[in-house]
Structure formats: structure tokens, C-alpha cells
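The structure appears below as C-alpha cells.
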Amino acid sequence: MSNQDTPFIFGELEVGNYIWLTLTNLCNIHCKYCFNYVLNNNQAMSHELATSIIKSHLQALDENQSDFFNIIYFGGEPTLNQKALLSCIDFFIENDINCRQCIMTNGIFKQSLFNNLINKDIDFQISFDGAGSNLRYNKNQKRLIYDETVEGIEKLCLAGESVKVRATIHKDNTNNIPSLVEFCANLGVSKLMCSPICDFGDSNKNKVRQPDVNEYVDNMLIANELSHQLGVKFEIKGEQYLSNLKSQKLNVPFVWLPDGYVAMTITYASSKAKGAEKIIIGHYDESQHKIILNKQTIAQMKTNFEKNYKIHCSECPLKESCRGALHFTPFATDTFIYERDNYFCQIALKMTQEFPS
Ligand code: SF4
């Protein structure tokens with residue numbers, strides 16, 4: 001694999017039209033499988049820093065290559081940093097920037113913020129896993145969180161907003177997948193996606209187990225049938241998804257942490273977390289008003305990726321289509337653990353077999 005053939009564009013500001021802003025790493029609930037829960041010393045991004053980062057990206061973009069910008073507001077729970085969130089949203093609207101804005105939320109936020117967010121052409125991606133084997137708790141882990149999220153989803157749908165439900169699937173809620181399709185159809189949610197948990201962070205600490213590969217894919221098959229009947233757009237990562245990967249470069253997002261460091265993945269929500277140094281590729285310099293990237297780190301990550309692709313993907317039947325993209329982060333940071341990470345290759349293999357087109 002030569003540098004040109006790598007399946008991603010990464011660390012290039014002039015084409016970097018896709019960013020994630022971790023507006024805060026504080027959350028108003030605590031899911032037992034969270035991969036980046038920050039228990040103490042929560043941080044919030046200032047609204048000045050958030051808008052400065054956006055402006056710097058827009059200035060660096062080569063408009064001949066991209067005149068479209070994608071931003072995801074992320075956390076923690078991003079709606080807890082209302083000031084920065086609204087500053088960014090209003091900045092895009094006031095400056096008439098061609099931009100897709102998406103909030104990744106658990107759907108639990110105040111009515112006053114709700115009123116400020118609707119009718120602004122924002123995509124809402126709401127985490128919700130269904131009623132069975134729910135592992136979403138309030139902060140002291142004593143009360144299950146369910147009704148609040150359903151209410152949030154309901155309100156957004158009634159207001160005509162674009163809502164996608166994002167379900168996290170573990171061993172004990174795999175059977176929820178078909179009922180999630182029904183849930184979306186009943187509430188008027190147009191899109192649904194499911195992802196198996198990572199064996200990382202709190203899921204590892206709380207011993208939340210990953211779904212059995214066959215059981216997961218069998219439920220995806222049932223849910224897919226149902227989604228056609230009920231008119232819900234259900235995201236399937238089968239053969240077609242991988243073929244699309246093959247024909248395009250993945251634009252790896254710039255993931256900004258609350259203190260102004262930028263990472264190449266959402267693995268950690270704080271630059272202070274143990275291991276976070278492995279994913280950090282630069283920072284925003286407030287005195288120079290610019291983004292400073294660590295070119296050496298980025299070059300090393302590309303070398304790591306190529307090395308690990310050669311080692312771990314040579315025998316894989318998906319190697320031509322996936323090209324290692326599935327393990328971009330562990331390959332690039334040289335932290336791939338076969339026993340942990342190969343699980344997602346098994347899922348991909350089974351999904352392409354069962355969803356050939
Ligand atoms: S599925 Fe796994 S082994 Fe196969 S190419 Fe992708 S990352 Fe490599």
C-alpha cells in the first residue's frame with residue numbers, strides 16, 4: 001500500500017471539512033458501556049475557543065477542493081455547554097456557511113435550549129438502546145434513564161426535526177434491534193443505526209459483554225426486513241458500504257477536545273486521560289490564532305497504519321474493500337490488540353455475507 005492508496009485523508013487542513021467539537025466531557029447520565037466517560041475534573045470548551053477553531057478550519061480550507069463543511073457537536077453531553085453550542089450554530093447561520101450541523105446527544109436537555117435549537121436545520125443523533133436490558137443510568141447509577149430520552153425524541157419528531165436514533169448493542173440487548181425499528185416507525189424517527197459496543201472504557205470495567213456475532217447479524221436481518229415494511233431508513237454496513245469505502249477516500253475528522261487539543265479519533269474525551277497522548281495530532285494556538293499540527297506524529301501514524309495493514313489484513317477476504325479502514329485508530333496508533341479488535345472484522349465479514357448488496 002503506497003501513501004496514495006491509504007483509504008483515508010488525515011491531518012490535512014486544506015481538505016479538512018469534517019470536524020467534531022467535544023464541547024464538554026461532562027454528561028448528565030452515565031451509561032455502563034461508555035467508552036470515554038470522564039468521572040472527575042470535567043472540562044468545557046469556551047465559546048471563544050469553539051468559534052476560533054471553526055474559523056481557522058474555514059480559513060485553511062481550499063474552497064476548490066471543498067465548499068461544504070460538516071460539524072458534529074459531541075461530548076459528554078454537548079447540550080450541557082449551551083453557550084458554546086449556540087455560538088457555533090449561530091455563527092454558521094449568520095455567516096451563511098454551507099454546512100451540515102449535527103448534535104450527538106442523549107436527548108435530555110432543557111425546554112429553553114430545545115426552543116433555541118429547532119428550525120435551524122440541525123441533524124439530531126440521539127443515543128437510545130430500547131427498553132430491554134437498558135444500561136443507561138442517572139449520575140449516581142441508582143435510576144434507569146428511559147422516559148426522558150423517549151420524551152426528547154418525541155418532541156423533536158413532533159417539531160419536524162431530522163432525528164436519527166443511534167443504538168449501542170451489547171450481549172443482553174441484541175434482541176432489541178427489531179423492536180427499535182418499530183419504535184422509530186411509531187415515533188416518526190426517520191433513521192436508525194446500531195453499533196456493537198467496544199471492549200474498552202467503562203464497558204470493560206463494568207464487564208458489559210459484546211454481542212455474539214451471529215446473534216447480532218441475525219437480528220440485523222430481521223430488523224432490515226422490518227425497516228422496509230415500516231419505512232425506516234436502517235443503516236447497514238454490508239457489501240455495499242464496503243464497496244463505497246473502496247471507491248472513496250475516508251476523510252478522517254479532526255476531533256477537538258475541550259482544552260483545544262485535536263485528536264484523530266473520539267476514543268478519549270479528555271487530553272488528560274491515560275493513553276490520550278497517542279491520538280493527539282496538534283492543538284489550537286490562542287496567541288497565534290491558528291491550528292498547529294504535529295506533522296511528525298501524523299507521518300508516523302501513516303507509517304504505523306501501513307505496517308499494521310500489512311501484518312493484520314493480508315489474509316482477510318475484505319482487504320481490497322476495507323483496506324484496514326475498520327481499524328484506522330489502533331493501526332495508526334500502533335495499539336491494535338488482535339483478541340480485542342478482531343471482533344469487528346468478524347462482524348464486518350458476517351455482515352458482507354448476509355447483506356451482499
Ligand atoms: S476487516 Fe479487519 S482484517 Fe479485514 S481488511 Fe478490514 S481491518 Fe483488515
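The chains in the C-alpha cells are called A, B, ... from first to last as shown; in each chain the residues are counted from 1, and the ligands are counted from 1 in the order shown.
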
Any chance you could list, as a count of residues only, the residues in range 85-224 of chain A that come up strand (DSSP E or B) when DSSP is run on the backbone? 30

Within range 69-259 of chain A, find each residue whose DSSP state, derived from the backbone, is alpha helix (DSSP H), and express the selection as a VMD selection string. chain A and resid 82 to 94 111 to 117 147 to 158 176 to 187 201 to 205 213 to 230 239 to 247

Residues within 9 Å of ligand 1, counting only C-alpha atoms and all ligand atoms, as a PyMOL selection string: chain A and resi 308-310+312-328+331+341-349

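Pairwise distance (CA of Thr335 in chain A, CA of Asn204 in chain A) equals 16.5 Å.
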
May I have the residues within 6 Å of range 162-177 of chain A as a PyMOL selection string, using only C-alpha atoms and disregarding those fewer than 4 positions away in the same chain? chain A and resi 123-129+133+189+191-197+209-211+216

Closest of A:Asn36, A:Ser52, A:Asn42, A:Gln288 to Lys274 in chain A - atom-to-atom distances counting only C-alpha atoms: A:Asn36
